[in-house]
$ cat query.cif   # mmCIF, C-alpha atoms
data_entry
#
loop_
_atom_site.label_atom_id
_atom_site.label_comp_id
_atom_site.auth_asym_id
_atom_site.auth_seq_id
_atom_site.Cartn_x
_atom_site.Cartn_y
_atom_site.Cartn_z
CA MET A 1469 -44.29 41.87 141.33
CA SER A 1470 -44.63 40.04 144.63
CA SER A 1471 -47.95 40.04 146.50
CA LEU A 1472 -49.37 43.45 147.34
CA VAL A 1473 -50.61 42.18 150.72
CA GLY A 1474 -48.58 43.86 153.46
CA SER A 1475 -46.87 46.35 151.14
CA ALA A 1476 -46.86 50.13 151.53
CA TRP A 1477 -47.13 52.50 148.56
CA LEU A 1478 -46.05 56.03 149.32
CA PHE A 1479 -47.15 58.54 146.69
CA ASP A 1480 -45.97 62.02 145.95
CA VAL A 1481 -49.04 64.01 144.81
CA ASP A 1482 -48.07 67.05 142.67
CA GLY A 1483 -47.13 65.83 139.17
CA THR A 1484 -47.47 62.18 140.25
CA LEU A 1485 -51.20 61.79 140.98
CA VAL A 1486 -52.55 65.26 140.10
CA ASP A 1487 -51.56 67.31 137.04
CA SER A 1488 -50.42 70.36 139.00
CA ASN A 1489 -46.71 70.91 138.23
CA TYR A 1490 -47.19 73.26 135.30
CA LEU A 1491 -49.72 75.29 137.30
CA HIS A 1492 -47.07 75.69 139.97
CA VAL A 1493 -44.46 76.76 137.39
CA MET A 1494 -46.83 79.46 136.11
CA ALA A 1495 -47.72 80.57 139.64
CA TRP A 1496 -44.03 80.99 140.58
CA LEU A 1497 -43.41 82.77 137.25
CA HIS A 1498 -46.18 85.22 138.20
CA ALA A 1499 -44.80 85.56 141.72
CA PHE A 1500 -41.23 86.30 140.60
CA ALA A 1501 -42.49 88.79 138.00
CA THR A 1502 -44.51 90.57 140.73
CA LEU A 1503 -41.33 90.85 142.78
CA ASP A 1504 -39.40 92.07 139.71
CA ARG A 1505 -37.02 89.11 140.09
CA PRO A 1506 -37.76 87.03 136.95
CA VAL A 1507 -36.51 83.43 136.90
CA PRO A 1508 -36.58 81.31 133.68
CA ALA A 1509 -39.53 78.89 133.74
CA TRP A 1510 -37.45 75.76 133.05
CA ARG A 1511 -35.37 76.39 136.17
CA ILE A 1512 -38.56 76.73 138.23
CA HIS A 1513 -39.89 73.49 136.69
CA ARG A 1514 -36.79 71.56 137.76
CA ASP A 1515 -37.23 72.71 141.36
CA ILE A 1516 -40.91 71.75 141.63
CA GLY A 1517 -41.18 69.00 144.23
CA MET A 1518 -38.73 70.67 146.59
CA ASP A 1519 -40.08 72.29 149.72
CA ALA A 1520 -41.06 75.92 148.89
CA THR A 1521 -38.42 77.37 151.21
CA GLU A 1522 -35.65 75.37 149.53
CA LEU A 1523 -36.99 76.20 146.06
CA LEU A 1524 -36.78 79.90 146.93
CA GLU A 1525 -33.25 79.54 148.31
CA ASP A 1526 -32.17 77.80 145.12
CA LEU A 1527 -33.81 80.30 142.75
CA LEU A 1528 -33.40 83.60 144.62
CA GLY A 1529 -30.14 82.91 146.44
CA GLU A 1530 -29.39 85.33 149.23
CA ASP A 1531 -32.59 87.32 148.53
CA ALA A 1532 -34.73 84.31 149.48
CA GLU A 1533 -35.00 85.33 153.11
CA ALA A 1534 -36.08 88.91 152.40
CA LEU A 1535 -38.45 88.03 149.53
CA GLY A 1536 -39.61 84.56 150.60
CA ALA A 1537 -42.84 85.45 152.40
CA ALA A 1538 -43.99 87.79 149.62
CA ALA A 1539 -43.06 85.21 146.98
CA LYS A 1540 -45.02 82.45 148.73
CA ALA A 1541 -48.07 84.71 149.09
CA ALA A 1542 -47.92 85.75 145.42
CA HIS A 1543 -47.50 82.10 144.36
CA ALA A 1544 -50.49 81.00 146.48
CA HIS A 1545 -52.64 83.76 145.00
CA ALA A 1546 -51.70 82.95 141.40
CA TYR A 1547 -52.00 79.18 141.94
CA ASN A 1548 -55.49 79.53 143.46
CA ASP A 1549 -56.61 81.34 140.31
CA THR A 1550 -55.84 78.21 138.25
CA THR A 1551 -56.90 75.30 140.48
CA HIS A 1552 -60.12 74.88 138.46
CA LEU A 1553 -57.79 73.37 135.82
CA LEU A 1554 -56.54 70.60 138.15
CA LYS A 1555 -57.24 67.03 137.00
CA PRO A 1556 -56.11 63.66 138.34
CA LEU A 1557 -53.40 62.21 136.10
CA PRO A 1558 -54.60 59.25 134.00
CA GLY A 1559 -54.98 56.15 136.16
CA SER A 1560 -54.37 57.84 139.54
CA ARG A 1561 -57.65 56.87 141.15
CA GLU A 1562 -57.73 53.45 139.54
CA LEU A 1563 -54.17 52.64 140.64
CA ILE A 1564 -54.84 53.62 144.27
CA ARG A 1565 -58.10 51.66 144.42
CA TYR A 1566 -56.44 48.64 142.80
CA LEU A 1567 -53.61 48.70 145.35
CA THR A 1568 -55.82 49.05 148.41
CA GLY A 1569 -58.21 46.46 147.00
CA HIS A 1570 -55.29 44.00 146.88
CA GLY A 1571 -54.06 44.54 150.44
CA ALA A 1572 -51.56 47.38 150.03
CA ALA A 1573 -51.47 50.43 152.31
CA VAL A 1574 -51.45 53.73 150.40
CA VAL A 1575 -50.04 56.93 151.91
CA LEU A 1576 -49.94 60.39 150.31
CA ALA A 1577 -46.38 61.47 151.13
CA THR A 1578 -46.23 65.14 150.24
CA SER A 1579 -44.83 68.35 151.64
CA ALA A 1580 -47.62 70.44 150.08
CA PRO A 1581 -49.09 73.10 152.39
CA PRO A 1582 -52.32 71.90 154.09
CA GLU A 1583 -54.56 74.29 152.11
CA GLU A 1584 -53.11 73.04 148.78
CA LEU A 1585 -53.44 69.43 149.90
CA THR A 1586 -57.13 69.91 150.68
CA VAL A 1587 -57.73 70.89 147.05
CA LEU A 1588 -55.56 68.04 145.72
CA ARG A 1589 -57.46 65.47 147.84
CA ARG A 1590 -60.77 66.80 146.56
CA VAL A 1591 -59.52 66.40 142.96
CA LEU A 1592 -58.19 62.89 143.65
CA ASP A 1593 -61.29 61.68 145.48
CA VAL A 1594 -59.71 58.59 147.09
CA ASP A 1595 -59.77 59.61 150.77
CA ASP A 1596 -61.96 56.63 151.70
CA VAL A 1597 -59.16 54.12 150.98
CA LEU A 1598 -56.05 56.02 152.16
CA THR A 1599 -54.12 54.72 155.16
CA ALA A 1600 -52.51 58.10 155.94
CA VAL A 1601 -51.48 61.48 154.59
CA THR A 1602 -48.55 63.79 155.33
CA ASN A 1603 -48.27 67.51 154.65
CA ALA A 1604 -45.88 70.45 155.04
CA ASP A 1605 -46.68 70.79 158.75
CA ASP A 1606 -45.29 67.32 159.47
CA VAL A 1607 -41.66 68.20 158.98
CA ASP A 1608 -39.47 71.21 159.44
CA THR A 1609 -37.59 70.46 156.25
CA ALA A 1610 -39.33 68.46 153.57
CA LYS A 1611 -37.88 66.56 150.58
CA PRO A 1612 -35.01 66.19 149.56
CA ASP A 1613 -34.58 65.70 153.31
CA PRO A 1614 -35.87 62.15 153.77
CA SER A 1615 -37.90 62.80 156.90
CA ILE A 1616 -41.22 63.15 155.05
CA VAL A 1617 -40.58 59.69 153.59
CA LYS A 1618 -39.84 58.25 157.04
CA ILE A 1619 -43.00 59.80 158.50
CA ALA A 1620 -45.00 58.29 155.64
CA ILE A 1621 -43.56 54.81 156.28
CA ASP A 1622 -44.32 55.09 160.00
CA ARG A 1623 -47.91 56.05 159.25
CA SER A 1624 -48.32 53.20 156.77
CA GLY A 1625 -47.88 50.70 159.61
CA ARG A 1626 -45.83 48.49 157.28
CA PRO A 1627 -42.10 47.66 157.38
CA ALA A 1628 -39.72 49.82 155.33
CA GLU A 1629 -38.59 46.72 153.38
CA ARG A 1630 -42.12 46.40 151.96
CA ALA A 1631 -42.40 50.12 151.10
CA LEU A 1632 -42.16 51.74 147.67
CA PHE A 1633 -42.04 55.44 146.86
CA ILE A 1634 -43.64 56.74 143.64
CA GLY A 1635 -42.76 60.23 142.46
CA ASP A 1636 -42.14 62.49 139.45
CA ALA A 1637 -39.28 64.64 140.73
CA ILE A 1638 -35.55 64.20 141.16
CA TRP A 1639 -36.11 65.31 144.79
CA ASP A 1640 -38.58 62.47 145.35
CA MET A 1641 -36.10 59.88 144.15
CA ARG A 1642 -33.25 61.33 146.21
CA ALA A 1643 -35.35 61.57 149.39
CA ALA A 1644 -36.58 57.97 149.07
CA LYS A 1645 -33.09 56.71 148.26
CA THR A 1646 -31.64 58.42 151.32
CA ALA A 1647 -34.41 56.84 153.41
CA GLY A 1648 -33.49 53.44 151.93
CA ILE A 1649 -36.86 52.94 150.20
CA ASP A 1650 -37.41 51.36 146.78
CA ARG A 1651 -38.34 53.91 144.10
CA ILE A 1652 -40.47 54.21 140.96
CA GLY A 1653 -40.56 57.32 138.77
CA VAL A 1654 -43.33 58.71 136.57
CA LEU A 1655 -42.88 61.06 133.59
CA SER A 1656 -46.12 62.92 134.26
CA GLY A 1657 -44.37 65.76 136.08
CA GLY A 1658 -42.34 66.60 132.97
CA ILE A 1659 -38.93 65.33 134.14
CA SER A 1660 -37.25 62.85 131.81
CA ASP A 1661 -36.69 59.12 132.24
CA VAL A 1662 -32.90 59.45 132.24
CA GLU A 1663 -32.90 62.14 134.94
CA LEU A 1664 -35.25 60.13 137.17
CA ARG A 1665 -33.11 56.99 136.84
CA ALA A 1666 -29.95 59.00 137.52
CA ALA A 1667 -31.60 60.25 140.75
CA GLY A 1668 -32.36 56.69 141.83
CA ALA A 1669 -35.54 55.44 140.13
CA ARG A 1670 -35.45 51.66 139.65
CA GLU A 1671 -38.20 51.82 137.03
CA VAL A 1672 -39.97 54.66 135.23
CA PHE A 1673 -43.53 54.70 133.83
CA ALA A 1674 -45.32 57.35 131.78
CA ASP A 1675 -48.02 57.90 134.40
CA PRO A 1676 -50.10 56.05 137.03
CA ALA A 1677 -52.12 54.37 134.26
CA ALA A 1678 -48.98 52.80 132.79
CA LEU A 1679 -47.83 51.68 136.24
CA LEU A 1680 -51.24 50.10 136.87
CA SER A 1681 -51.06 48.23 133.55
CA SER A 1682 -47.73 46.73 134.54
CA LEU A 1683 -49.23 45.44 137.82
CA ASP A 1684 -52.39 44.16 136.29
CA ARG A 1685 -50.74 42.12 133.55
CA PRO A 1686 -49.50 39.08 135.54
CA HIS A 1687 -52.84 38.85 137.37
CA LYS A 1688 -54.70 38.81 134.07
CA ALA A 1689 -52.39 36.11 132.74
CA ALA A 1690 -52.83 33.95 135.86
CA MET J 542 -15.19 77.21 116.80
CA SER J 543 -14.10 78.35 113.33
CA SER J 544 -14.53 81.99 112.27
CA LEU J 545 -18.05 83.37 112.48
CA VAL J 546 -17.54 85.36 109.25
CA GLY J 547 -19.73 83.87 106.55
CA SER J 548 -21.66 81.59 108.93
CA ALA J 549 -25.45 81.48 109.35
CA TRP J 550 -27.12 80.99 112.74
CA LEU J 551 -30.73 79.91 112.50
CA PHE J 552 -32.61 80.32 115.78
CA ASP J 553 -35.84 78.83 116.95
CA VAL J 554 -37.55 81.49 119.11
CA ASP J 555 -40.06 79.93 121.59
CA GLY J 556 -38.12 78.36 124.45
CA THR J 557 -34.79 79.09 122.75
CA LEU J 558 -34.58 82.91 122.76
CA VAL J 559 -37.78 83.87 124.61
CA ASP J 560 -39.12 82.17 127.76
CA SER J 561 -42.51 81.31 126.27
CA ASN J 562 -42.86 77.49 126.33
CA TYR J 563 -44.54 77.23 129.72
CA LEU J 564 -46.95 80.02 128.77
CA HIS J 565 -47.90 77.94 125.72
CA VAL J 566 -48.39 74.81 127.87
CA MET J 567 -50.76 76.73 130.15
CA ALA J 568 -52.60 78.28 127.20
CA TRP J 569 -53.20 74.85 125.61
CA LEU J 570 -54.21 73.45 129.01
CA HIS J 571 -56.82 76.22 129.22
CA ALA J 572 -57.91 75.59 125.64
CA PHE J 573 -58.37 71.83 126.10
CA ALA J 574 -60.27 72.41 129.37
CA THR J 575 -62.57 74.86 127.57
CA LEU J 576 -63.28 72.16 124.98
CA ASP J 577 -63.80 69.58 127.74
CA ARG J 578 -60.97 67.48 126.26
CA PRO J 579 -58.28 67.66 128.99
CA VAL J 580 -54.73 66.61 128.02
CA PRO J 581 -51.98 66.13 130.66
CA ALA J 582 -49.65 69.13 130.74
CA TRP J 583 -46.42 67.12 130.31
CA ARG J 584 -47.70 65.70 127.01
CA ILE J 585 -48.50 69.23 125.80
CA HIS J 586 -45.02 70.37 126.86
CA ARG J 587 -43.33 67.66 124.80
CA ASP J 588 -45.24 68.78 121.68
CA ILE J 589 -44.38 72.48 122.02
CA GLY J 590 -42.24 73.42 119.02
CA MET J 591 -44.36 71.44 116.60
CA ASP J 592 -46.63 73.32 114.24
CA ALA J 593 -50.01 73.93 116.00
CA THR J 594 -51.90 71.77 113.51
CA GLU J 595 -49.58 68.81 114.11
CA LEU J 596 -49.65 69.36 117.88
CA LEU J 597 -53.44 69.15 117.77
CA GLU J 598 -53.36 66.01 115.63
CA ASP J 599 -50.98 64.38 118.07
CA LEU J 600 -52.93 65.36 121.21
CA LEU J 601 -56.55 65.18 120.03
CA GLY J 602 -56.25 62.40 117.45
CA GLU J 603 -59.21 62.12 115.12
CA ASP J 604 -61.02 65.00 116.89
CA ALA J 605 -58.29 67.44 115.81
CA GLU J 606 -60.06 68.41 112.61
CA ALA J 607 -63.41 69.12 114.29
CA LEU J 608 -61.95 70.90 117.34
CA GLY J 609 -58.79 72.42 115.82
CA ALA J 610 -60.07 75.91 115.00
CA ALA J 611 -61.77 76.34 118.39
CA ALA J 612 -58.68 75.01 120.18
CA LYS J 613 -56.36 77.43 118.35
CA ALA J 614 -58.68 80.36 119.13
CA ALA J 615 -58.91 79.40 122.82
CA HIS J 616 -55.11 78.96 122.98
CA ALA J 617 -54.49 82.36 121.37
CA HIS J 618 -56.89 84.02 123.80
CA ALA J 619 -55.32 82.39 126.88
CA TYR J 620 -51.76 83.00 125.64
CA ASN J 621 -52.44 86.71 125.01
CA ASP J 622 -53.55 87.06 128.64
CA THR J 623 -50.05 86.03 129.78
CA THR J 624 -47.69 87.69 127.28
CA HIS J 625 -46.86 90.41 129.81
CA LEU J 626 -44.81 87.68 131.51
CA LEU J 627 -42.60 87.08 128.44
CA LYS J 628 -38.89 87.70 128.94
CA PRO J 629 -35.86 87.06 126.73
CA LEU J 630 -33.95 84.02 127.98
CA PRO J 631 -30.61 84.92 129.62
CA GLY J 632 -28.05 85.90 127.00
CA SER J 633 -30.42 85.92 123.99
CA ARG J 634 -29.85 89.51 122.95
CA GLU J 635 -26.15 89.43 123.80
CA LEU J 636 -25.58 86.23 121.80
CA ILE J 637 -27.33 87.57 118.69
CA ARG J 638 -25.47 90.89 118.83
CA TYR J 639 -22.17 89.08 119.40
CA LEU J 640 -22.76 86.85 116.38
CA THR J 641 -23.77 89.62 114.00
CA GLY J 642 -20.96 91.80 115.32
CA HIS J 643 -18.51 89.06 114.28
CA GLY J 644 -19.78 88.57 110.74
CA ALA J 645 -22.47 85.88 111.19
CA ALA J 646 -25.92 86.12 109.65
CA VAL J 647 -28.75 85.53 112.15
CA VAL J 648 -32.18 84.30 111.07
CA LEU J 649 -35.21 83.71 113.29
CA ALA J 650 -36.43 80.33 111.98
CA THR J 651 -39.82 79.83 113.56
CA SER J 652 -43.24 78.58 112.60
CA ALA J 653 -44.97 80.86 115.12
CA PRO J 654 -48.07 82.63 113.78
CA PRO J 655 -47.28 86.21 112.60
CA GLU J 656 -49.21 87.86 115.47
CA GLU J 657 -47.26 85.83 118.07
CA LEU J 658 -43.98 86.57 116.33
CA THR J 659 -44.63 90.32 116.46
CA VAL J 660 -44.82 90.09 120.27
CA LEU J 661 -41.72 87.85 120.48
CA ARG J 662 -39.69 90.27 118.32
CA ARG J 663 -40.72 93.17 120.54
CA VAL J 664 -39.55 91.21 123.62
CA LEU J 665 -36.27 90.24 121.95
CA ASP J 666 -35.49 93.72 120.60
CA VAL J 667 -32.82 92.66 118.08
CA ASP J 668 -34.61 93.44 114.80
CA ASP J 669 -31.91 95.92 113.75
CA VAL J 670 -29.29 93.17 113.32
CA LEU J 671 -31.37 90.27 111.93
CA THR J 672 -30.75 89.08 108.39
CA ALA J 673 -34.19 87.50 108.00
CA VAL J 674 -37.21 86.03 109.77
CA THR J 675 -39.60 83.21 108.92
CA ASN J 676 -43.08 82.61 110.28
CA ALA J 677 -46.01 80.20 110.01
CA ASP J 678 -47.15 81.76 106.73
CA ASP J 679 -43.92 80.71 105.00
CA VAL J 680 -44.66 77.02 104.86
CA ASP J 681 -47.69 74.82 104.59
CA THR J 682 -46.25 72.37 107.10
CA ALA J 683 -43.71 73.61 109.60
CA LYS J 684 -41.24 71.65 111.76
CA PRO J 685 -40.64 68.69 112.01
CA ASP J 686 -40.97 69.05 108.24
CA PRO J 687 -37.61 70.57 107.36
CA SER J 688 -38.91 73.18 104.92
CA ILE J 689 -38.88 76.03 107.48
CA VAL J 690 -35.18 75.28 108.01
CA LYS J 691 -34.52 75.34 104.27
CA ILE J 692 -36.36 78.65 103.88
CA ALA J 693 -34.29 80.07 106.74
CA ILE J 694 -31.03 78.98 105.06
CA ASP J 695 -32.10 80.49 101.75
CA ARG J 696 -32.89 83.79 103.42
CA SER J 697 -29.58 83.82 105.28
CA GLY J 698 -27.74 84.12 101.96
CA ARG J 699 -25.08 81.74 103.29
CA PRO J 700 -24.26 78.17 102.20
CA ALA J 701 -25.91 75.30 104.11
CA GLU J 702 -22.47 73.95 105.08
CA ARG J 703 -21.88 77.10 107.14
CA ALA J 704 -25.31 77.02 108.79
CA LEU J 705 -26.16 75.99 112.35
CA PHE J 706 -29.60 75.52 113.87
CA ILE J 707 -30.18 76.35 117.56
CA GLY J 708 -33.34 75.06 119.23
CA ASP J 709 -34.88 73.71 122.43
CA ALA J 710 -37.25 71.06 121.04
CA ILE J 711 -36.88 67.53 119.74
CA TRP J 712 -38.75 68.78 116.65
CA ASP J 713 -36.12 71.45 116.04
CA MET J 714 -33.31 68.90 116.12
CA ARG J 715 -35.15 66.49 113.84
CA ALA J 716 -36.08 69.18 111.31
CA ALA J 717 -32.52 70.51 111.12
CA LYS J 718 -31.08 67.01 110.89
CA THR J 719 -33.41 66.13 108.02
CA ALA J 720 -32.32 69.35 106.29
CA GLY J 721 -28.68 68.33 106.79
CA ILE J 722 -27.84 71.29 109.05
CA ASP J 723 -25.56 71.19 112.10
CA ARG J 724 -27.50 71.41 115.39
CA ILE J 725 -27.11 72.81 118.90
CA GLY J 726 -29.68 72.28 121.66
CA VAL J 727 -30.58 74.45 124.65
CA LEU J 728 -32.23 73.28 127.89
CA SER J 729 -34.21 76.51 128.34
CA GLY J 730 -37.36 75.02 126.81
CA GLY J 731 -37.50 72.35 129.52
CA ILE J 732 -36.49 69.33 127.41
CA SER J 733 -33.56 67.33 128.75
CA ASP J 734 -30.01 67.05 127.44
CA VAL J 735 -30.31 63.33 126.70
CA GLU J 736 -33.52 63.77 124.68
CA LEU J 737 -32.05 66.62 122.64
CA ARG J 738 -28.90 64.62 121.85
CA ALA J 739 -30.99 61.58 120.92
CA ALA J 740 -32.91 63.79 118.48
CA GLY J 741 -29.66 64.94 116.86
CA ALA J 742 -28.11 67.76 118.91
CA ARG J 743 -24.31 67.77 118.56
CA GLU J 744 -23.91 69.90 121.67
CA VAL J 745 -26.32 71.12 124.37
CA PHE J 746 -26.07 74.30 126.46
CA ALA J 747 -28.22 75.49 129.36
CA ASP J 748 -29.33 78.64 127.56
CA PRO J 749 -28.11 81.32 125.09
CA ALA J 750 -25.89 82.80 127.82
CA ALA J 751 -24.02 79.50 128.22
CA LEU J 752 -23.67 79.17 124.44
CA LEU J 753 -22.28 82.70 124.25
CA SER J 754 -19.73 81.94 126.99
CA SER J 755 -18.47 78.96 125.01
CA LEU J 756 -17.92 81.19 121.94
CA ASP J 757 -16.35 84.01 123.84
CA ARG J 758 -13.81 81.91 125.72
CA PRO J 759 -11.21 81.30 122.94
CA HIS J 760 -11.37 84.99 121.99
CA LYS J 761 -10.67 86.01 125.58
CA ALA J 762 -7.79 83.56 125.76
CA ALA J 763 -6.29 84.80 122.48
#

$ encode --input "query.cif" --output "structure tokens"
Amino acid sequence: MSSLVGSAWLFDVDGTLVDSNYLHVMAWLHAFATLDRPVPAWRIHRDIGMDATELLEDLLGEDAEALGAAAKAAHAHAYNDTTHLLKPLPGSRELIRYLTGHGAAVVLATSAPPEELTVLRRVLDVDDVLTAVTNADDVDTAKPDPSIVKIAIDRSGRPAERALFIGDAIWDMRAAKTAGIDRIGVLSGGISDVELRAAGAREVFADPAALLSSLDRPHKAA
Amino acid sequence: MSSLVGSAWLFDVDGTLVDSNYLHVMAWLHAFATLDRPVPAWRIHRDIGMDATELLEDLLGEDAEALGAAAKAAHAHAYNDTTHLLKPLPGSRELIRYLTGHGAAVVLATSAPPEELTVLRRVLDVDDVLTAVTNADDVDTAKPDPSIVKIAIDRSGRPAERALFIGDAIWDMRAAKTAGIDRIGVLSGGISDVELRAAGAREVFADPAALLSSLDRPHKAA
């Protein structure tokens, strides 16, 4: 690992820094049941990390337009009922504080709706060291469209060649690859090592704690 | 595919025939939060399919004995609150009725507690064609210990050489492999193709519907 000074670390949030993916799966499961359009949970899980509009198009097909608004409202309602269960993933806070303490810029690069992001930021409790944050309002089409990644790089104030994207979803890896940004995957969203590498991850760690250990090791040895 | 007459099909239920895995993940997440011992959801997910006692040993370590009974009670309570969301996975009923209609014996080979299994059987609605069922009371230690698989073979009344185990978990594949039984994996529990093959799956299908299509094809062509 070269020096962290001058580098930019762009983090997905859901499933990467906060343990929220399975809450979203359940919330969509509730929403689709309410609409009497059940979708198997594993298919929902594999679409977590996509923009909500694209997730609905993938899972509901041509009914997405008619049912989309009701589905999003039902999902938001069900998700809000479970946010007391949200926890940072192991090592999230420590990794971010380590990076910023060593000269890296850290950006939360997410397409979560603003109201969800407010809750996630409260759970993470690292706002005092963040360089920037993106949310769903920043782009018309979020990941896998790479524009959210490009906005995050711009806001980092660092060159793209020194930027790294960290995410748990296939969509994260694809979006960062399309934007030409180096990529690290984490297993903490529930997607497997092989799938993340196939989507473009250069390295995969269990969670932020494992990624932090890998950074810390050479420094300790020095 | 050789003739189905005389064959035995042993099915895991959770995540294989009924879309219950993500409900179990949420129920354990609730239970661990209640006990103030949070565990990341993806680690819970990867242990679904193990016997509850072994799952607790893996996730809570040396505290499993002290907290196990309270954790199981909290899980059962949270799970029961969500069972109205349970659905058969696509093709489950059709596959089982196709198999029994063509001379195969079908056994539900699960280590689910009896009260959970009652609900799962109601959701599946195939009791009239089943040869046998196992549950948690049938063995002291369930999967990955192979004894539940052996009990299921015995109850099928068919020779082990004609038996096939179908499951969604790494633990299913390992248990059937240890018992010397041929194995097919399904993705509908949320575990990836590569992981299921590494654990011993000879073939992997998306869900029971995809498995049924693969059986039906030669007959249609004939």

$ closest_residue --input "query.cif" --among "J:Gly547, J:Gly726, J:Pro749, J:Gly609" --to "Pro700 of chain J" --atoms "only C-alpha atoms"
J:Gly547

$ resolve_selection --input "query.cif" --expression "the PyMOL selection byres ((chain J and resi 699) around 7)" --output "list in words"
Gly547, Ser548, Ala549, Ile694, Ser697, Gly698, Pro700, Ala701 and Arg703 of chain J

$ write_last_selection --input "query.cif" --atoms "C-alpha atoms" --output "PDB file, in the coordinates of the input"
ATOM      1  CA  GLY J 547     -19.730  83.870 106.550  1.00  0.00           C
ATOM      2  CA  SER J 548     -21.660  81.590 108.930  1.00  0.00           C
ATOM      3  CA  ALA J 549     -25.450  81.480 109.350  1.00  0.00           C
ATOM      4  CA  ILE J 694     -31.030  78.980 105.060  1.00  0.00           C
ATOM      5  CA  SER J 697     -29.580  83.820 105.280  1.00  0.00           C
ATOM      6  CA  GLY J 698     -27.740  84.120 101.960  1.00  0.00           C
ATOM      7  CA  PRO J 700     -24.260  78.170 102.200  1.00  0.00           C
ATOM      8  CA  ALA J 701     -25.910  75.300 104.110  1.00  0.00           C
ATOM      9  CA  ARG J 703     -21.880  77.100 107.140  1.00  0.00           C
TER      10      ARG J 703
END

$ atom_distance --input "query.cif" --atom1 "atom CA of Arg1505 of chain A" --atom2 "atom CA of Val566 of chain J"
22.0 Å

$ residues_around --input "query.cif" --residues "Ala1541 of chain A" --least-positions-apart "2" --cutoff "12 Å" --atoms "all atoms listed in the file" --output "compact mmCIF listing (two decimals) with C-alpha atoms, in the coordinates of the input"
# COMPACT_ATOMS: atom_id res chain seq x y z
CA ALA A 1495 -47.72 80.57 139.64
CA TRP A 1496 -44.03 80.99 140.58
CA HIS A 1498 -46.18 85.22 138.20
CA ALA A 1499 -44.80 85.56 141.72
CA PHE A 1500 -41.23 86.30 140.60
CA THR A 1502 -44.51 90.57 140.73
CA LEU A 1503 -41.33 90.85 142.78
CA ALA A 1520 -41.06 75.92 148.89
CA LEU A 1535 -38.45 88.03 149.53
CA GLY A 1536 -39.61 84.56 150.60
CA ALA A 1537 -42.84 85.45 152.40
CA ALA A 1538 -43.99 87.79 149.62
CA ALA A 1539 -43.06 85.21 146.98
CA HIS A 1543 -47.50 82.10 144.36
CA ALA A 1544 -50.49 81.00 146.48
CA HIS A 1545 -52.64 83.76 145.00
CA ALA A 1546 -51.70 82.95 141.40
CA TYR A 1547 -52.00 79.18 141.94
CA ASN A 1548 -55.49 79.53 143.46

$ residues_around --input "query.cif" --residues "segment 1634-1650 of chain A" --least-positions-apart "6" --cutoff "7 Å" --atoms "all atoms listed in the file" --output "list in words"
Leu1478, Phe1479, Asp1480, Gly1483, Thr1484, Gly1517, Met1518, Lys1611, Pro1612, Asp1613, Pro1614, Val1617, Lys1618, Ala1628, Ser1656, Gly1657, Ile1659, Leu1664, Ala1667, Gly1668 and Ala1669 of chain A

$ resolve_selection --input "query.cif" --expression "the PyMOL selection byres ((chain J and resi 672) around 10)" --output "ChimeraX atom specification"
/J:549-550,641,645-649,668-671,673-674,693,696-698

$ write_last_selection --input "query.cif" --atoms "C-alpha atoms" --output "PDB file, in the frame of the given file"
ATOM      1  CA  ALA J 549     -25.450  81.480 109.350  1.00  0.00           C
ATOM      2  CA  TRP J 550     -27.120  80.990 112.740  1.00  0.00           C
ATOM      3  CA  THR J 641     -23.770  89.620 114.000  1.00  0.00           C
ATOM      4  CA  ALA J 645     -22.470  85.880 111.190  1.00  0.00           C
ATOM      5  CA  ALA J 646     -25.920  86.120 109.650  1.00  0.00           C
ATOM      6  CA  VAL J 647     -28.750  85.530 112.150  1.00  0.00           C
ATOM      7  CA  VAL J 648     -32.180  84.300 111.070  1.00  0.00           C
ATOM      8  CA  LEU J 649     -35.210  83.710 113.290  1.00  0.00           C
ATOM      9  CA  ASP J 668     -34.610  93.440 114.800  1.00  0.00           C
ATOM     10  CA  ASP J 669     -31.910  95.920 113.750  1.00  0.00           C
ATOM     11  CA  VAL J 670     -29.290  93.170 113.320  1.00  0.00           C
ATOM     12  CA  LEU J 671     -31.370  90.270 111.930  1.00  0.00           C
ATOM     13  CA  ALA J 673     -34.190  87.500 108.000  1.00  0.00           C
ATOM     14  CA  VAL J 674     -37.210  86.030 109.770  1.00  0.00           C
ATOM     15  CA  ALA J 693     -34.290  80.070 106.740  1.00  0.00           C
ATOM     16  CA  ARG J 696     -32.890  83.790 103.420  1.00  0.00           C
ATOM     17  CA  SER J 697     -29.580  83.820 105.280  1.00  0.00           C
ATOM     18  CA  GLY J 698     -27.740  84.120 101.960  1.00  0.00           C
TER      19      GLY J 698
END

$ interface_residues --input "query.cif" --of "chain J" --to "chain A" --cutoff "8 Å" --atoms "all atoms listed in the file" --output "ChimeraX atom specification"
/J:560,563-564,566-567,570-571,574,581-584,586,626,630,728-733,735

$ closest_residue --input "query.cif" --among "A:Asp1519, A:Leu1528, A:Leu1472, A:Asp1622" --to "Ser1579 of chain A" --atoms "all atoms listed in the file"
A:Asp1519

$ atom_distance --input "query.cif" --atom1 "atom CA of Ala650 of chain J" --atom2 "atom CA of Thr675 of chain J"
5.3 Å
